[in-house]
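Please read the structure below before turning to the comments.
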Amino acid sequence: MSSKILLTSRFSTLLLLLLLLITKPGVSQNNIAYKIFPDSVTDCRELQYQGMQLIPLYYTNKDFDTAYAILNYWAQNCRMDETIFRSRILFAIDNGSFSDSLFANSAFSTYLDIYKELDYDTTGASLLSYPEYYVDEFQLLKWYKTFTDSIAYRCLTYTDLSPEEYFFVNYYIHPSDSAYMLLHDKAFVNTSLRSIVTEPVYGRLAATQPHYSVSAGMWIPDQHLDTLGMHPFIGGQIGLKHNRILADLALDLRVGASPNTYQVVVDGTLTDTEQFFELSLRFDFGYELFQLRSTELLFVGGIGYDRINAYYETNDPDDDSDDISKGLNSFNLNVGGSYRVYMKNNHYLAFTGRYHRLNFRNKGGTDLKGNALSLGLEYGLGTNNWLNNRNTILRQKTGR
């Protein structure tokens with residue numbers, strides 16, 4: 001009840017001010033705007049509050065210049081919001097000054113979404129969902145909407161509306177995502193509005209795109225290397241994809257004790273061990289063989305360095321200088337494939353398989369010559385052209 005009394009009191013004060021201003025001839029737009037909004041009034045809530053009451057009164061009194069001056073003053077001192085956008089669009093259609101510059105980018109769809117929520121709202125919940133409205137008097141928002149509705153209904157009677165003008169008028173009368181179906185019509189093919197809603201939401205992809213991933217899987221050795229047994233691995237990679245060519249830096253860590261005892265020479269002594277920890281650092285390259293919608297098949301291969309920590313002994317916990325260790329090294333030449341499935345434009349799962357040509361030299365110890373197969377599941381952040389190009393406002397709103 002108190003908010004209604006406050007609204008009525010402030011409305012009466014503004015109405016009296018309006019009547020005084022209307023009766024004074026020869027006053028310029030700027031002078032009237034500055035009289036209504038003195039320099040001390042820069043609070044956006046107050047500007048929106050007064051603007052949403054005064055603009056309809058000036059506009060319906062056909063003092064359009066003053067209504068525009070108030071709207072422009074409000075817009076100059078506050079960021080663009082749904083109410084300003086709606087007013088500019090409908091005023092321009094009503095007075096014949098509509099142009100593409102009023103909706104120069106995809107931000108317009110956000111304002112339409114906010115208006116749709118306001119239209120459906122009967123409780124004021126939209127004020128919580130969208131902080132676009134500085135004013136918290138829900139009745140004033142609805143009252144201003146009634147004013148703009150009247151302009152939209154009048155504009156609908158105009159017989160010379162352009163396709164874009166008709167879209168906005170129709171939306172403001174029937175705010176719904178189904179209104180976007182109009183944009184599939186041939187009349188919109190060469191319009192700026194159609195161009196904006198069919199552009200990818202995140203823009204066109206550059207030729208070079210970064211990607212990052214983490215992976216986990218199983219390392220499966222063969223031949224004499226099979227003595228060490230299978231080991232799980234975790235890893236990660238970072239790289240670039242230029243058109244269809246990939247280049248990555250990858251690191252895998254393979255862990256777990258050997259299921260079999262093997263021997264290595266440590267300080268001249270043949271020593272039994274079951275220890276195992278492997279580090280694999282690689283430079284990988286790849287080529288996209290084909291892309292089918294949100295999936296990609298990649299040929300991958302690379303070169304790198306593998307090191308197995310086969311033995312490690314700590315003699316003095318406080319002195320690392322007398323620790324004993326034995327490492328086995330190998331050049332890694334690998335080849336394989338990766339099948340990526342994009343869940344979203346920038347999230348993918350990949351099933352990877354690589355065959356690694358290895359040669360761990362273990363002089364004086366167990367023969368560990370052999371190669372290995374690695375099978376892994378990769379989760380990454382990257383881009384998919386098909387999904388990116390498909391992710392448009394028009395498709396989001398209509399599913400087509």
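Chains: A, B, ... in order of the structure tokens. Residues: from 1 per chain. Ligands: from 1, in order shown.
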
Quiz item: If you count only C-alpha atoms, which residues fall within 12 Å of Ile393 of chain A, apart from same-chain ones fewer than 5 positions away, as a list in words?
Solution: Asn105, Ser106, Ala107, Phe108, Ser109, Thr110, Leu112, Asp113, Asp177, Tyr180, Met181, Leu183, Leu193, Arg194, Ser195, Ile196, Val197, Thr198, Glu199, Pro200, Val201, Tyr202, Gly203, Asn388, Thr398, Gly399 and Arg400 of chain A

Exercise. Mind checking which residues fall within 9 Å of Asp43 of chain A, counting only C-alpha atoms, ignoring those fewer than 3 positions away in the same chain, and posting them as a ChimeraX atom specification?
Key: /A:40,46-48,77-78

Restrict the selected residues to C-alpha atoms and save them as an mmCIF file, in the first residue's frame.
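Writing done, so here's result25.cif:
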```
data_model
loop_
_atom_site.group_PDB
_atom_site.id
_atom_site.type_symbol
_atom_site.label_atom_id
_atom_site.label_comp_id
_atom_site.auth_asym_id
_atom_site.auth_seq_id
_atom_site.Cartn_x
_atom_site.Cartn_y
_atom_site.Cartn_z
ATOM 1 C CA SER A 40 22.218 16.802 -10.016
ATOM 2 C CA GLU A 46 15.477 8.302 -10.911
ATOM 3 C CA LEU A 47 16.005 8.958 -14.627
ATOM 4 C CA GLN A 48 14.164 5.799 -15.560
ATOM 5 C CA ASN A 77 23.371 9.003 -18.745
ATOM 6 C CA CYS A 78 22.579 5.298 -18.371
#
```

Self-check item: Distance query His231 of chain A at most 8 Å, only C-alpha atoms, self and fewer than 6 positions along chain excluded, as a list in words
Solution: Met218, Trp219, Ile220, Arg254, Val255 and Gly256 of chain A

Quiz item: Neighbours of His347 of chain A within 12 Å (only C-alpha atoms; same-chain residues fewer than 6 positions away dropped), as a PyMOL selection string?
Solution: chain A and resi 211-214+294-295+340-341+378-384+387-388

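Atom CA of Tyr311 of chain A to atom CA of His224 of chain A spans 18.6 Å [interatomic distance, one decimal].
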
Quiz prompt | Tyr172 of chain A surroundings by only C-alpha atoms, 10 Å radius, close-in-sequence under 4 positions cut, as a list in words | solution = Arg86, Leu90, Leu112, Tyr115, Lys116, Asp119, Lys145, Thr148, Asp149, Ile151, Ala152, Tyr153, Tyr166, Phe167, Phe168, Ser176 and Ala179 of chain A

Could the residues in this selection be written to a file with N, CA, C and O atoms, as a compact mmCIF listing (two decimals), in the first residue's frame?
```txt
# COMPACT_ATOMS: atom_id res chain seq x y z
N ARG A 86 13.31 -0.66 -26.59
CA ARG A 86 11.92 -0.78 -27.06
C ARG A 86 11.37 0.57 -27.51
O ARG A 86 10.73 0.68 -28.56
N LEU A 90 10.17 1.43 -31.45
CA LEU A 90 8.77 1.76 -31.76
C LEU A 90 8.60 3.22 -32.16
O LEU A 90 7.80 3.52 -33.05
N LEU A 112 14.67 -8.37 -26.30
CA LEU A 112 13.38 -8.97 -26.61
C LEU A 112 13.02 -10.07 -25.60
O LEU A 112 11.86 -10.21 -25.21
N TYR A 115 11.81 -8.35 -22.49
CA TYR A 115 10.44 -7.85 -22.68
C TYR A 115 9.42 -8.97 -22.62
O TYR A 115 8.33 -8.81 -22.06
N LYS A 116 9.76 -10.12 -23.17
CA LYS A 116 8.85 -11.27 -23.12
C LYS A 116 8.55 -11.66 -21.67
O LYS A 116 7.40 -11.94 -21.33
N ASP A 119 6.20 -9.14 -20.22
CA ASP A 119 4.84 -9.30 -20.75
C ASP A 119 4.10 -10.43 -20.04
O ASP A 119 2.92 -10.29 -19.71
N LYS A 145 4.51 -0.12 -20.44
CA LYS A 145 4.29 -1.15 -21.46
C LYS A 145 2.96 -0.91 -22.17
O LYS A 145 2.86 -1.08 -23.40
N THR A 148 3.64 1.73 -24.79
CA THR A 148 4.34 1.24 -25.99
C THR A 148 3.46 0.25 -26.77
O THR A 148 3.57 0.15 -28.00
N ASP A 149 2.59 -0.49 -26.07
CA ASP A 149 1.65 -1.36 -26.77
C ASP A 149 0.77 -0.56 -27.72
O ASP A 149 0.49 -0.99 -28.85
N ILE A 151 1.46 2.17 -29.25
CA ILE A 151 2.24 2.54 -30.44
C ILE A 151 2.38 1.35 -31.37
O ILE A 151 2.23 1.47 -32.59
N ALA A 152 2.66 0.17 -30.81
CA ALA A 152 2.82 -1.03 -31.63
C ALA A 152 1.53 -1.35 -32.39
O ALA A 152 1.57 -1.67 -33.59
N TYR A 153 0.40 -1.26 -31.73
CA TYR A 153 -0.88 -1.55 -32.41
C TYR A 153 -1.15 -0.52 -33.50
O TYR A 153 -1.70 -0.86 -34.57
N TYR A 166 8.02 -4.81 -39.45
CA TYR A 166 6.90 -5.70 -39.12
C TYR A 166 7.31 -6.72 -38.07
O TYR A 166 6.52 -7.04 -37.16
N PHE A 167 8.54 -7.23 -38.14
CA PHE A 167 9.00 -8.20 -37.14
C PHE A 167 8.93 -7.60 -35.75
O PHE A 167 8.40 -8.23 -34.81
N PHE A 168 9.47 -6.40 -35.56
CA PHE A 168 9.49 -5.80 -34.23
C PHE A 168 8.09 -5.44 -33.75
O PHE A 168 7.75 -5.67 -32.58
N SER A 176 6.99 -13.69 -28.26
CA SER A 176 7.17 -15.14 -28.16
C SER A 176 8.31 -15.54 -29.09
O SER A 176 8.55 -14.89 -30.12
N ALA A 179 7.75 -15.86 -32.82
CA ALA A 179 7.80 -14.71 -33.73
C ALA A 179 9.02 -14.77 -34.63
O ALA A 179 9.01 -14.23 -35.74
```

Per-residue nearest contacts segment 74-178 of chain A to segment 51-66 of chain A, cut-off 8 Å, using only C-alpha atoms, as CSV:
```
residue,atom,partner,partner_atom,distance
A:Trp74,CA,A:Gly51,CA,7.1
A:Leu140,CA,A:Met52,CA,7.5
A:Leu141,CA,A:Met52,CA,7.8
A:Tyr144,CA,A:Met52,CA,6.0
A:Phe147,CA,A:Pro56,CA,6.3
```

Exercise. Run DSSP on the backbone and grab whatever in segment 73-294 of chain A lands in strand (DSSP E); send it over as a VMD selection string.
Key: chain A and resid 208 to 221 231 to 242 245 to 254 262 to 266 269 to 273 278 to 292

Exercise. Please provide the set of residues having any atom within 6 Å of segment 352-357 of chain A, restricted to only C-alpha atoms, with same-chain residues fewer than 3 positions apart removed, written as an MDAnalysis selection string.
Key: chainID A and resid 332:338 371:376

Exercise. Excluding Leu161 of chain A and any residue of its chain fewer than 6 positions from it, enumerate the residues within 10 Å of it, using only C-alpha atoms, and give them as a list of chain:residue names.
Key: A:Ile93, A:Asp94, A:Gly96, A:Phe98, A:Cys155, A:Phe167, A:Val169

C-alpha atoms of the current selection, written as a short mmCIF file (atom, residue, chain, number, x, y, z; two decimals), in the first residue's frame:
```cif
data_model
loop_
_atom_site.label_atom_id
_atom_site.label_comp_id
_atom_site.auth_asym_id
_atom_site.auth_seq_id
_atom_site.Cartn_x
_atom_site.Cartn_y
_atom_site.Cartn_z
CA ILE A 93 8.74 2.90 -36.74
CA ASP A 94 5.99 5.30 -35.73
CA GLY A 96 9.26 6.78 -40.20
CA PHE A 98 13.55 3.32 -38.57
CA CYS A 155 2.12 0.83 -36.29
CA PHE A 167 9.00 -8.20 -37.14
CA VAL A 169 5.89 -4.56 -34.23
#
```

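Counting only C-alpha atoms and comparing A:His174, A:Lys186, A:Arg45, A:Lys369, the residue that lies closest to Thr227 of chain A is A:Lys369.
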